[in-house]
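Enquirer: Okay, so here is my_file00.cif, and as you'll see once you scroll down, it has mmCIF, C-alpha atoms; chains and numbers go by the auth columns.
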data_data
loop_
_atom_site.group_PDB
_atom_site.id
_atom_site.type_symbol
_atom_site.label_atom_id
_atom_site.label_comp_id
_atom_site.label_asym_id
_atom_site.label_seq_id
_atom_site.Cartn_x
_atom_site.Cartn_y
_atom_site.Cartn_z
_atom_site.B_iso_or_equiv
_atom_site.auth_seq_id
_atom_site.auth_asym_id
ATOM 1 C CA MET A 1 6.718 -17.241 15.082 0.00 1 A
ATOM 2 C CA PRO A 2 5.507 -17.787 11.494 0.00 2 A
ATOM 3 C CA GLU A 3 1.746 -18.033 11.193 0.00 3 A
ATOM 4 C CA GLU A 4 -0.166 -20.472 8.957 0.00 4 A
ATOM 5 C CA GLY A 5 2.899 -21.237 6.897 0.00 5 A
ATOM 6 C CA ILE A 6 3.908 -17.602 6.437 0.00 6 A
ATOM 7 C CA SER A 7 7.619 -17.002 6.890 0.00 7 A
ATOM 8 C CA THR A 8 7.366 -13.211 7.104 0.00 8 A
ATOM 9 C CA VAL A 9 4.402 -10.914 7.751 0.00 9 A
ATOM 10 C CA VAL A 10 4.920 -7.231 8.419 0.00 10 A
ATOM 11 C CA ALA A 11 1.697 -5.742 9.822 0.00 11 A
ATOM 12 C CA VAL A 12 1.142 -1.989 9.566 0.00 12 A
ATOM 13 C CA ASP A 13 -1.977 -0.604 11.248 0.00 13 A
ATOM 14 C CA GLY A 14 -3.248 2.878 11.948 0.00 14 A
ATOM 15 C CA PRO A 15 -5.846 5.486 11.029 0.00 15 A
ATOM 16 C CA ALA A 16 -6.287 7.131 7.642 0.00 16 A
ATOM 17 C CA ALA A 17 -3.468 9.326 6.291 0.00 17 A
ATOM 18 C CA ALA A 18 -0.995 8.289 8.971 0.00 18 A
ATOM 19 C CA GLY A 19 1.516 7.294 6.281 0.00 19 A
ATOM 20 C CA LYS A 20 0.815 3.567 5.998 0.00 20 A
ATOM 21 C CA THR A 21 0.696 3.246 2.209 0.00 21 A
ATOM 22 C CA THR A 22 3.838 5.190 1.350 0.00 22 A
ATOM 23 C CA THR A 23 5.912 3.453 4.008 0.00 23 A
ATOM 24 C CA CYS A 24 4.522 0.001 3.172 0.00 24 A
ATOM 25 C CA LEU A 25 5.384 0.427 -0.496 0.00 25 A
ATOM 26 C CA ALA A 26 8.909 1.519 0.441 0.00 26 A
ATOM 27 C CA LEU A 27 9.323 -1.447 2.804 0.00 27 A
ATOM 28 C CA ALA A 28 8.049 -3.758 0.066 0.00 28 A
ATOM 29 C CA ARG A 29 10.762 -2.518 -2.280 0.00 29 A
ATOM 30 C CA SER A 30 13.526 -2.631 0.337 0.00 30 A
ATOM 31 C CA PHE A 31 12.781 -6.103 1.685 0.00 31 A
ATOM 32 C CA ASP A 32 11.253 -7.747 -1.405 0.00 32 A
ATOM 33 C CA LEU A 33 7.811 -8.071 0.178 0.00 33 A
ATOM 34 C CA ARG A 34 4.456 -8.501 -1.536 0.00 34 A
ATOM 35 C CA TYR A 35 2.179 -5.613 -0.572 0.00 35 A
ATOM 36 C CA LEU A 36 -1.528 -5.612 0.264 0.00 36 A
ATOM 37 C CA GLU A 37 -3.848 -2.765 1.228 0.00 37 A
ATOM 38 C CA SER A 38 -6.557 -4.615 3.131 0.00 38 A
ATOM 39 C CA GLY A 39 -8.938 -1.665 3.407 0.00 39 A
ATOM 40 C CA ARG A 40 -9.364 -1.497 -0.363 0.00 40 A
ATOM 41 C CA THR A 41 -11.669 -4.516 -0.208 0.00 41 A
ATOM 42 C CA TYR A 42 -14.083 -2.713 2.109 0.00 42 A
ATOM 43 C CA ARG A 43 -14.036 0.246 -0.273 0.00 43 A
ATOM 44 C CA ILE A 44 -14.874 -2.020 -3.205 0.00 44 A
ATOM 45 C CA ILE A 45 -17.853 -3.434 -1.310 0.00 45 A
ATOM 46 C CA ALA A 46 -18.997 0.074 -0.331 0.00 46 A
ATOM 47 C CA PHE A 47 -18.592 1.319 -3.916 0.00 47 A
ATOM 48 C CA GLU A 48 -20.601 -1.590 -5.314 0.00 48 A
ATOM 49 C CA ALA A 49 -23.308 -1.088 -2.685 0.00 49 A
ATOM 50 C CA LEU A 50 -23.673 2.563 -3.701 0.00 50 A
ATOM 51 C CA GLN A 51 -23.743 1.626 -7.390 0.00 51 A
ATOM 52 C CA ARG A 52 -26.524 -0.895 -6.730 0.00 52 A
ATOM 53 C CA ASP A 53 -28.480 1.296 -4.283 0.00 53 A
ATOM 54 C CA ILE A 54 -27.984 -1.189 -1.439 0.00 54 A
ATOM 55 C CA PRO A 55 -28.224 0.496 1.988 0.00 55 A
ATOM 56 C CA VAL A 56 -24.839 0.086 3.656 0.00 56 A
ATOM 57 C CA GLU A 57 -26.534 -0.283 7.051 0.00 57 A
ATOM 58 C CA ASN A 58 -28.360 -3.427 5.859 0.00 58 A
ATOM 59 C CA THR A 59 -26.145 -6.151 7.288 0.00 59 A
ATOM 60 C CA ARG A 60 -27.849 -9.016 5.456 0.00 60 A
ATOM 61 C CA LYS A 61 -27.726 -7.376 2.030 0.00 61 A
ATOM 62 C CA ILE A 62 -24.158 -6.113 2.388 0.00 62 A
ATOM 63 C CA THR A 63 -22.985 -9.544 3.514 0.00 63 A
ATOM 64 C CA GLY A 64 -24.756 -11.071 0.527 0.00 64 A
ATOM 65 C CA LEU A 65 -23.081 -8.530 -1.756 0.00 65 A
ATOM 66 C CA CYS A 66 -19.714 -9.446 -0.244 0.00 66 A
ATOM 67 C CA ASP A 67 -20.345 -13.128 -0.970 0.00 67 A
ATOM 68 C CA GLU A 68 -21.386 -12.293 -4.533 0.00 68 A
ATOM 69 C CA LEU A 69 -18.257 -10.239 -5.178 0.00 69 A
ATOM 70 C CA ILE A 70 -16.026 -12.961 -3.743 0.00 70 A
ATOM 71 C CA THR A 71 -17.656 -15.555 -6.007 0.00 71 A
ATOM 72 C CA GLU A 72 -17.417 -13.316 -9.078 0.00 72 A
ATOM 73 C CA SER A 73 -13.752 -12.550 -8.438 0.00 73 A
ATOM 74 C CA ARG A 74 -12.836 -16.162 -7.668 0.00 74 A
ATOM 75 C CA SER A 75 -12.021 -15.580 -4.034 0.00 75 A
ATOM 76 C CA VAL A 76 -8.730 -13.856 -3.222 0.00 76 A
ATOM 77 C CA SER A 77 -8.503 -11.822 -6.422 0.00 77 A
ATOM 78 C CA LEU A 78 -11.107 -9.473 -4.930 0.00 78 A
ATOM 79 C CA LEU A 79 -8.287 -8.156 -2.756 0.00 79 A
ATOM 80 C CA THR A 80 -6.164 -7.157 -5.726 0.00 80 A
ATOM 81 C CA SER A 81 -8.786 -6.480 -8.407 0.00 81 A
ATOM 82 C CA ASP A 82 -7.671 -3.731 -10.792 0.00 82 A
ATOM 83 C CA ARG A 83 -11.098 -3.088 -12.334 0.00 83 A
ATOM 84 C CA TYR A 84 -11.778 -0.233 -9.892 0.00 84 A
ATOM 85 C CA GLU A 85 -10.294 3.229 -10.380 0.00 85 A
ATOM 86 C CA PRO A 86 -8.564 4.543 -7.243 0.00 86 A
ATOM 87 C CA ASP A 87 -10.360 7.890 -7.532 0.00 87 A
ATOM 88 C CA ASN A 88 -13.744 6.128 -7.512 0.00 88 A
ATOM 89 C CA LEU A 89 -12.871 4.114 -4.427 0.00 89 A
ATOM 90 C CA ARG A 90 -11.776 7.262 -2.574 0.00 90 A
ATOM 91 C CA ALA A 91 -14.682 9.471 -3.605 0.00 91 A
ATOM 92 C CA ALA A 92 -16.520 11.256 -0.769 0.00 92 A
ATOM 93 C CA PRO A 93 -19.607 8.979 -0.826 0.00 93 A
ATOM 94 C CA VAL A 94 -17.381 5.897 -0.504 0.00 94 A
ATOM 95 C CA ASN A 95 -15.386 7.531 2.305 0.00 95 A
ATOM 96 C CA ILE A 96 -18.631 7.852 4.249 0.00 96 A
ATOM 97 C CA ALA A 97 -20.131 4.467 3.341 0.00 97 A
ATOM 98 C CA VAL A 98 -17.020 2.392 4.024 0.00 98 A
ATOM 99 C CA SER A 99 -17.275 2.889 7.789 0.00 99 A
ATOM 100 C CA ALA A 100 -20.685 1.212 7.867 0.00 100 A
ATOM 101 C CA VAL A 101 -19.461 -1.654 5.696 0.00 101 A
ATOM 102 C CA ALA A 102 -16.285 -2.202 7.715 0.00 102 A
ATOM 103 C CA LYS A 103 -18.126 -2.569 11.019 0.00 103 A
ATOM 104 C CA ILE A 104 -20.229 -5.523 9.837 0.00 104 A
ATOM 105 C CA ALA A 105 -18.758 -8.541 11.630 0.00 105 A
ATOM 106 C CA GLU A 106 -19.813 -11.035 8.931 0.00 106 A
ATOM 107 C CA VAL A 107 -18.067 -8.967 6.260 0.00 107 A
ATOM 108 C CA ARG A 108 -14.928 -8.612 8.357 0.00 108 A
ATOM 109 C CA GLN A 109 -14.828 -12.383 8.875 0.00 109 A
ATOM 110 C CA ARG A 110 -14.939 -12.949 5.119 0.00 110 A
ATOM 111 C CA VAL A 111 -12.305 -10.332 4.336 0.00 111 A
ATOM 112 C CA THR A 112 -10.077 -11.710 7.095 0.00 112 A
ATOM 113 C CA SER A 113 -10.282 -15.161 5.493 0.00 113 A
ATOM 114 C CA LEU A 114 -9.391 -13.683 2.101 0.00 114 A
ATOM 115 C CA ILE A 115 -6.370 -11.876 3.530 0.00 115 A
ATOM 116 C CA ARG A 116 -5.105 -15.029 5.218 0.00 116 A
ATOM 117 C CA LEU A 117 -5.547 -16.995 1.980 0.00 117 A
ATOM 118 C CA TRP A 118 -3.651 -14.338 0.033 0.00 118 A
ATOM 119 C CA ALA A 119 -0.851 -14.203 2.592 0.00 119 A
ATOM 120 C CA GLY A 120 -0.650 -17.981 2.620 0.00 120 A
ATOM 121 C CA ALA A 121 0.433 -17.869 -1.018 0.00 121 A
ATOM 122 C CA GLN A 122 3.270 -15.412 -0.290 0.00 122 A
ATOM 123 C CA THR A 123 6.697 -15.986 1.185 0.00 123 A
ATOM 124 C CA ARG A 124 7.174 -12.467 2.513 0.00 124 A
ATOM 125 C CA CYS A 125 4.520 -9.782 2.696 0.00 125 A
ATOM 126 C CA VAL A 126 3.603 -6.431 4.193 0.00 126 A
ATOM 127 C CA ILE A 127 -0.071 -5.765 4.862 0.00 127 A
ATOM 128 C CA GLU A 128 -1.591 -2.465 5.886 0.00 128 A
ATOM 129 C CA GLY A 129 -4.927 -2.022 7.590 0.00 129 A
ATOM 130 C CA ARG A 130 -6.571 -1.429 10.917 0.00 130 A
ATOM 131 C CA ASP A 131 -6.601 -4.877 12.532 0.00 131 A
ATOM 132 C CA ILE A 132 -3.745 -6.728 10.838 0.00 132 A
ATOM 133 C CA GLY A 133 -1.545 -7.034 13.924 0.00 133 A
ATOM 134 C CA THR A 134 -4.401 -7.470 16.406 0.00 134 A
ATOM 135 C CA THR A 135 -6.858 -9.827 14.701 0.00 135 A
ATOM 136 C CA ILE A 136 -5.650 -11.131 11.354 0.00 136 A
ATOM 137 C CA PHE A 137 -1.975 -11.863 12.126 0.00 137 A
ATOM 138 C CA PRO A 138 -1.449 -11.516 15.886 0.00 138 A
ATOM 139 C CA ALA A 139 1.851 -13.413 15.515 0.00 139 A
ATOM 140 C CA ALA A 140 3.204 -11.221 12.697 0.00 140 A
ATOM 141 C CA THR A 141 6.982 -11.024 12.400 0.00 141 A
ATOM 142 C CA VAL A 142 6.925 -7.301 13.135 0.00 142 A
ATOM 143 C CA LYS A 143 4.039 -4.943 13.850 0.00 143 A
ATOM 144 C CA PHE A 144 3.776 -1.202 13.446 0.00 144 A
ATOM 145 C CA TYR A 145 1.085 1.243 14.480 0.00 145 A
ATOM 146 C CA LEU A 146 1.343 4.562 12.654 0.00 146 A
ATOM 147 C CA THR A 147 -0.665 7.553 13.783 0.00 147 A
ATOM 148 C CA ALA A 148 -0.673 11.347 13.592 0.00 148 A
ATOM 149 C CA LYS A 149 -2.742 14.245 14.838 0.00 149 A
ATOM 150 C CA PRO A 150 -6.132 14.513 13.044 0.00 150 A
ATOM 151 C CA GLU A 151 -5.267 17.995 11.798 0.00 151 A
ATOM 152 C CA VAL A 152 -2.037 16.755 10.225 0.00 152 A
ATOM 153 C CA ARG A 153 -3.742 13.794 8.601 0.00 153 A
ATOM 154 C CA ALA A 154 -6.518 15.987 7.237 0.00 154 A
ATOM 155 C CA MET A 155 -4.003 18.349 5.637 0.00 155 A
ATOM 156 C CA ARG A 156 -2.198 15.401 4.061 0.00 156 A
ATOM 157 C CA ARG A 157 -5.440 14.170 2.507 0.00 157 A
ATOM 158 C CA VAL A 158 -6.256 17.640 1.177 0.00 158 A
ATOM 159 C CA ARG A 159 -2.866 17.734 -0.528 0.00 159 A
ATOM 160 C CA GLN A 160 -3.322 14.225 -1.919 0.00 160 A
ATOM 161 C CA GLU A 161 -6.880 14.654 -3.173 0.00 161 A
ATOM 162 C CA ARG A 162 -6.555 18.303 -4.247 0.00 162 A
ATOM 163 C CA ALA A 163 -10.288 18.804 -4.150 0.00 163 A
ATOM 164 C CA ALA A 164 -12.082 18.690 -0.814 0.00 164 A
ATOM 165 C CA SER A 165 -11.930 21.536 1.694 0.00 165 A
ATOM 166 C CA TYR A 166 -9.801 21.170 4.799 0.00 166 A
ATOM 167 C CA ALA A 167 -12.785 21.550 7.143 0.00 167 A
ATOM 168 C CA ASN A 168 -14.749 18.803 5.401 0.00 168 A
ATOM 169 C CA VAL A 169 -11.761 16.463 5.299 0.00 169 A
ATOM 170 C CA LEU A 170 -10.988 17.050 8.989 0.00 170 A
ATOM 171 C CA ASP A 171 -14.609 16.252 9.875 0.00 171 A
ATOM 172 C CA ASP A 172 -14.359 13.051 7.815 0.00 172 A
ATOM 173 C CA VAL A 173 -11.065 12.035 9.457 0.00 173 A
ATOM 174 C CA ILE A 174 -12.507 12.499 12.946 0.00 174 A
ATOM 175 C CA ARG A 175 -15.727 10.678 11.989 0.00 175 A
ATOM 176 C CA ARG A 176 -13.806 7.725 10.505 0.00 176 A
ATOM 177 C CA ASP A 177 -11.517 7.518 13.548 0.00 177 A
ATOM 178 C CA GLU A 178 -14.514 7.329 15.851 0.00 178 A
ATOM 179 C CA ALA A 179 -16.200 4.691 13.681 0.00 179 A
ATOM 180 C CA ASP A 180 -13.051 2.548 13.444 0.00 180 A
ATOM 181 C CA MET A 181 -12.140 2.782 17.110 0.00 181 A
ATOM 182 C CA SER A 182 -15.625 2.173 18.490 0.00 182 A
ATOM 183 C CA ARG A 183 -16.871 -0.697 16.330 0.00 183 A
ATOM 184 C CA ALA A 184 -17.588 -3.967 18.120 0.00 184 A
ATOM 185 C CA SER A 185 -15.758 -6.172 15.606 0.00 185 A
ATOM 186 C CA SER A 186 -11.963 -5.739 15.411 0.00 186 A
ATOM 187 C CA PRO A 187 -11.756 -2.070 16.439 0.00 187 A
ATOM 188 C CA LEU A 188 -8.753 0.043 15.539 0.00 188 A
ATOM 189 C CA VAL A 189 -6.333 -0.237 18.469 0.00 189 A
ATOM 190 C CA PRO A 190 -2.563 -0.690 18.608 0.00 190 A
ATOM 191 C CA ALA A 191 -1.402 -4.250 19.208 0.00 191 A
ATOM 192 C CA GLU A 192 0.306 -4.505 22.592 0.00 192 A
ATOM 193 C CA ASP A 193 3.584 -5.460 20.924 0.00 193 A
ATOM 194 C CA ALA A 194 3.325 -3.022 18.016 0.00 194 A
ATOM 195 C CA ILE A 195 6.008 -0.405 17.440 0.00 195 A
ATOM 196 C CA ARG A 196 4.106 2.863 17.694 0.00 196 A
ATOM 197 C CA ILE A 197 5.214 5.799 15.574 0.00 197 A
ATOM 198 C CA ASP A 198 3.579 9.228 15.637 0.00 198 A
ATOM 199 C CA THR A 199 4.330 10.637 12.195 0.00 199 A
ATOM 200 C CA SER A 200 2.968 14.143 12.898 0.00 200 A
ATOM 201 C CA GLU A 201 6.361 15.824 13.127 0.00 201 A
ATOM 202 C CA LEU A 202 8.495 13.285 11.268 0.00 202 A
ATOM 203 C CA THR A 203 9.617 13.246 7.656 0.00 203 A
ATOM 204 C CA PHE A 204 8.928 10.255 5.452 0.00 204 A
ATOM 205 C CA GLU A 205 12.623 9.368 5.600 0.00 205 A
ATOM 206 C CA GLN A 206 12.617 9.421 9.404 0.00 206 A
ATOM 207 C CA VAL A 207 9.551 7.166 9.631 0.00 207 A
ATOM 208 C CA LEU A 208 10.930 4.774 7.035 0.00 208 A
ATOM 209 C CA GLY A 209 14.283 4.708 8.806 0.00 209 A
ATOM 210 C CA ARG A 210 12.692 3.619 12.080 0.00 210 A
ATOM 211 C CA MET A 211 10.606 0.961 10.362 0.00 211 A
ATOM 212 C CA THR A 212 13.544 -0.331 8.336 0.00 212 A
ATOM 213 C CA SER A 213 15.720 -0.628 11.452 0.00 213 A
ATOM 214 C CA ALA A 214 12.974 -2.519 13.270 0.00 214 A
ATOM 215 C CA CYS A 215 12.525 -4.931 10.363 0.00 215 A
ATOM 216 C CA ARG A 216 16.254 -5.602 10.210 0.00 216 A
ATOM 217 C CA ASP A 217 16.314 -6.163 13.965 0.00 217 A
ATOM 218 C CA ARG A 218 13.663 -8.855 13.445 0.00 218 A
ATOM 219 C CA GLY A 219 15.797 -10.662 10.883 0.00 219 A
ATOM 220 C CA LEU A 220 14.603 -9.237 7.585 0.00 220 A
ATOM 221 C CA GLU A 221 17.342 -8.659 5.026 0.00 221 A
ATOM 222 C CA ILE A 222 17.483 -5.670 2.705 0.00 222 A
ATOM 223 C CA ASN A 223 16.874 -6.575 -0.951 0.00 223 A
ATOM 224 C CA ARG A 224 20.123 -5.933 -2.810 0.00 224 A
#
Could I get this structure in the form of structure tokens?
Expert:
Amino acid sequence: MPEEGISTVVAVDGPAAAGKTTTCLALARSFDLRYLESGRTYRIIAFEALQRDIPVENTRKITGLCDELITESRSVSLLTSDRYEPDNLRAAPVNIAVSAVAKIAEVRQRVTSLIRLWAGAQTRCVIEGRDIGTTIFPAATVKFYLTAKPEVRAMRRVRQERAASYANVLDDVIRRDEADMSRASSPLVPAEDAIRIDTSELTFEQVLGRMTSACRDRGLEINR
């Protein structure tokens, strides 16, 4: 069923480097969907906290920073702000800090509200994250949960970032998985009705093919 006036929401959840971004962008092109990377907002907050020397474990100060950034960006535009360089948001210090930011319930509540506001202005959208199909849009049109072995995901990130060592990246992947899956507020878990795809041994085309077929089965039409 549509949720809060949304005719189509495709929810794609899963851990880091499971293939969410590349497949979401391809689905967006195929089905004429607006795309949103929800986790980018947490990275922006973490980046700003580091820039301002705000301890990311300080719930009160991080929540206040979140409110300040939302006000400065006029609400939902914080989700899609282009003032931040992708490399800065994916730097090693941010990779570490974002876990602490993302587990703060008050921050998650605010980001959830922003995502719902953004989606409410779209007709058809695909949103990637870690709790899209479980918490933010539990009645999404179609839900996917992408995963892969930690070793595979670490190697993918090494190839993408072309800087960090494999051992360090693998440690970070395992640490982030543990943080995401064990947090009290909206932990990373597959929705019961999500289509689960392990991308470890699959090509991009194979993953996209499965997701495209599932979307078409749910009534989405390919953009001609």
Enquirer: Select, from A:Ala18, A:Leu79, A:Leu69, A:Ala11, the residue with the minimum atom-to-atom distance to A:Val173, counting only C-alpha atoms.
Expert: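 Ranked by minimum distance to A:Val173, first place goes to A:Ala18.
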Enquirer: Rounded to one decimal place, report the atom CA of A:Gly19-atom CA of A:Leu146 distance in Å.
Expert: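 Atom CA of A:Gly19 sits 6.9 Å away from atom CA of A:Leu146.
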Enquirer: What are the closest atom pairs, with distances in Å to one decimal, for all residues of stretch 53-155 of chain A lying within 9 Å of stretch 197-212 of chain A? Consider only C-alpha atoms, order rows by chain and residue number, and present the result as a Markdown table.
Expert:
| residue | atom | partner | partner_atom | distance |
| --- | --- | --- | --- | --- |
| A:Phe144 | CA | A:Ile197 | CA | 7.5 |
| A:Tyr145 | CA | A:Ile197 | CA | 6.2 |
| A:Leu146 | CA | A:Ile197 | CA | 5.0 |
| A:Thr147 | CA | A:Asp198 | CA | 4.9 |
| A:Ala148 | CA | A:Ser200 | CA | 4.6 |
| A:Lys149 | CA | A:Ser200 | CA | 6.0 |
| A:Val152 | CA | A:Ser200 | CA | 6.2 |
| A:Arg153 | CA | A:Ser200 | CA | 8.0 |
Enquirer: Write out as a ChimeraX atom specification the residues lying within 12 Å of A:Gln51, counting all atoms listed in the file and excluding same-chain residues fewer than 4 positions away.
Expert: /A:44-47,55-56,65,88-89,93-94,97
Enquirer: Step by step: start from the point (-26.9, -8.6, 1.6) in the file's coordinates, keep every protein, DNA or RNA residue that has an atom no farther than 12 Å from it, count only C-alpha atoms, and write the set as a list in words.
Expert: Ile45, Ala46, Glu48, Ala49, Arg52, Asp53, Ile54, Pro55, Val56, Glu57, Asn58, Thr59, Arg60, Lys61, Ile62, Thr63, Gly64, Leu65, Cys66, Asp67, Glu68, Leu69, Val101, Ile104, Glu106 and Val107 of chain A
Enquirer: Generate a file of the selected residues that holds C-alpha atoms, formatted as a CSV table (one decimal), keeping the file's coordinate frame.
Expert:
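Saved result, selection.csv, follows:
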chain,number,residue,atom,x,y,z
A,45,ILE,CA,-17.9,-3.4,-1.3
A,46,ALA,CA,-19.0,0.1,-0.3
A,48,GLU,CA,-20.6,-1.6,-5.3
A,49,ALA,CA,-23.3,-1.1,-2.7
A,52,ARG,CA,-26.5,-0.9,-6.7
A,53,ASP,CA,-28.5,1.3,-4.3
A,54,ILE,CA,-28.0,-1.2,-1.4
A,55,PRO,CA,-28.2,0.5,2.0
A,56,VAL,CA,-24.8,0.1,3.7
A,57,GLU,CA,-26.5,-0.3,7.1
A,58,ASN,CA,-28.4,-3.4,5.9
A,59,THR,CA,-26.1,-6.2,7.3
A,60,ARG,CA,-27.8,-9.0,5.5
A,61,LYS,CA,-27.7,-7.4,2.0
A,62,ILE,CA,-24.2,-6.1,2.4
A,63,THR,CA,-23.0,-9.5,3.5
A,64,GLY,CA,-24.8,-11.1,0.5
A,65,LEU,CA,-23.1,-8.5,-1.8
A,66,CYS,CA,-19.7,-9.4,-0.2
A,67,ASP,CA,-20.3,-13.1,-1.0
A,68,GLU,CA,-21.4,-12.3,-4.5
A,69,LEU,CA,-18.3,-10.2,-5.2
A,101,VAL,CA,-19.5,-1.7,5.7
A,104,ILE,CA,-20.2,-5.5,9.8
A,106,GLU,CA,-19.8,-11.0,8.9
A,107,VAL,CA,-18.1,-9.0,6.3
Enquirer: Select, from A:Val111, A:Leu25, A:Ala179, A:Ile96, the residue with the minimum atom-to-atom distance to A:Tyr42, counting all atoms listed in the file.
Expert: A:Val111
Enquirer: Between A:Ala102, A:Ile195, A:Val126, A:Leu117, which is the closest to A:Leu33 once you count all atoms listed in the file?
Expert: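 Closest candidate: A:Val126.
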Enquirer: Tell me which residues the PyMOL selection byres ((chain A and resi 14) around 8) grabs here, as a PyMOL selection string.
Expert: chain A and resi 12-13+15-16+18+20+129-130+145-147+188-190
Enquirer: Rounded to one decimal in Å, what is the spacing between atom CA of A:Arg183 and atom CA of A:Thr134?
Expert: 14.2 Å
Enquirer: At what distance in Å, to one decimal, does atom CA of A:Thr8 lie from atom CA of A:Val98?
Expert: 29.1 Å
Enquirer: Go through A:Ala121, A:Thr135, A:Val9, A:Ala17 and flag the residue nearest A:Asp177, using all atoms listed in the file for the distances.
Expert: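 Between A:Ala121, A:Thr135, A:Val9, A:Ala17, the residue approaching A:Asp177 most closely is A:Ala17.
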Enquirer: Which residues, written as an MDAnalysis selection string, have at least one atom at most 9 Å from A:Ala167, with all atoms listed in the file counted and residues fewer than 4 positions away on the same chain left out?
Expert: chainID A and resid 154 171:172
Enquirer: Just checking: using all atoms listed in the file, which residue out of A:Thr41, A:Ser99, A:Gln122, A:Gln109 ends up closest to A:Ser81?
Expert: A:Thr41
Enquirer: Might I get the box with edges along x, y and z of the file that holds all atoms of stretch 104-112 of chain A listed there, padded by 8 Å on every side, given as centre and edge lengths in Å to one decimal, as lines of an AutoDock Vina configuration file?
Expert:
center_x = -15.2
center_y = -9.2
center_z = 8.0
size_x = 26.2
size_y = 23.4
size_z = 23.3
Enquirer: Using all atoms listed in the file, can you tell me which of A:Tyr84, A:Leu27, A:Arg110, A:Ile127 comes closest to A:Gly39?
Expert: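 Closest residue, counting all atoms listed in the file: A:Ile127.
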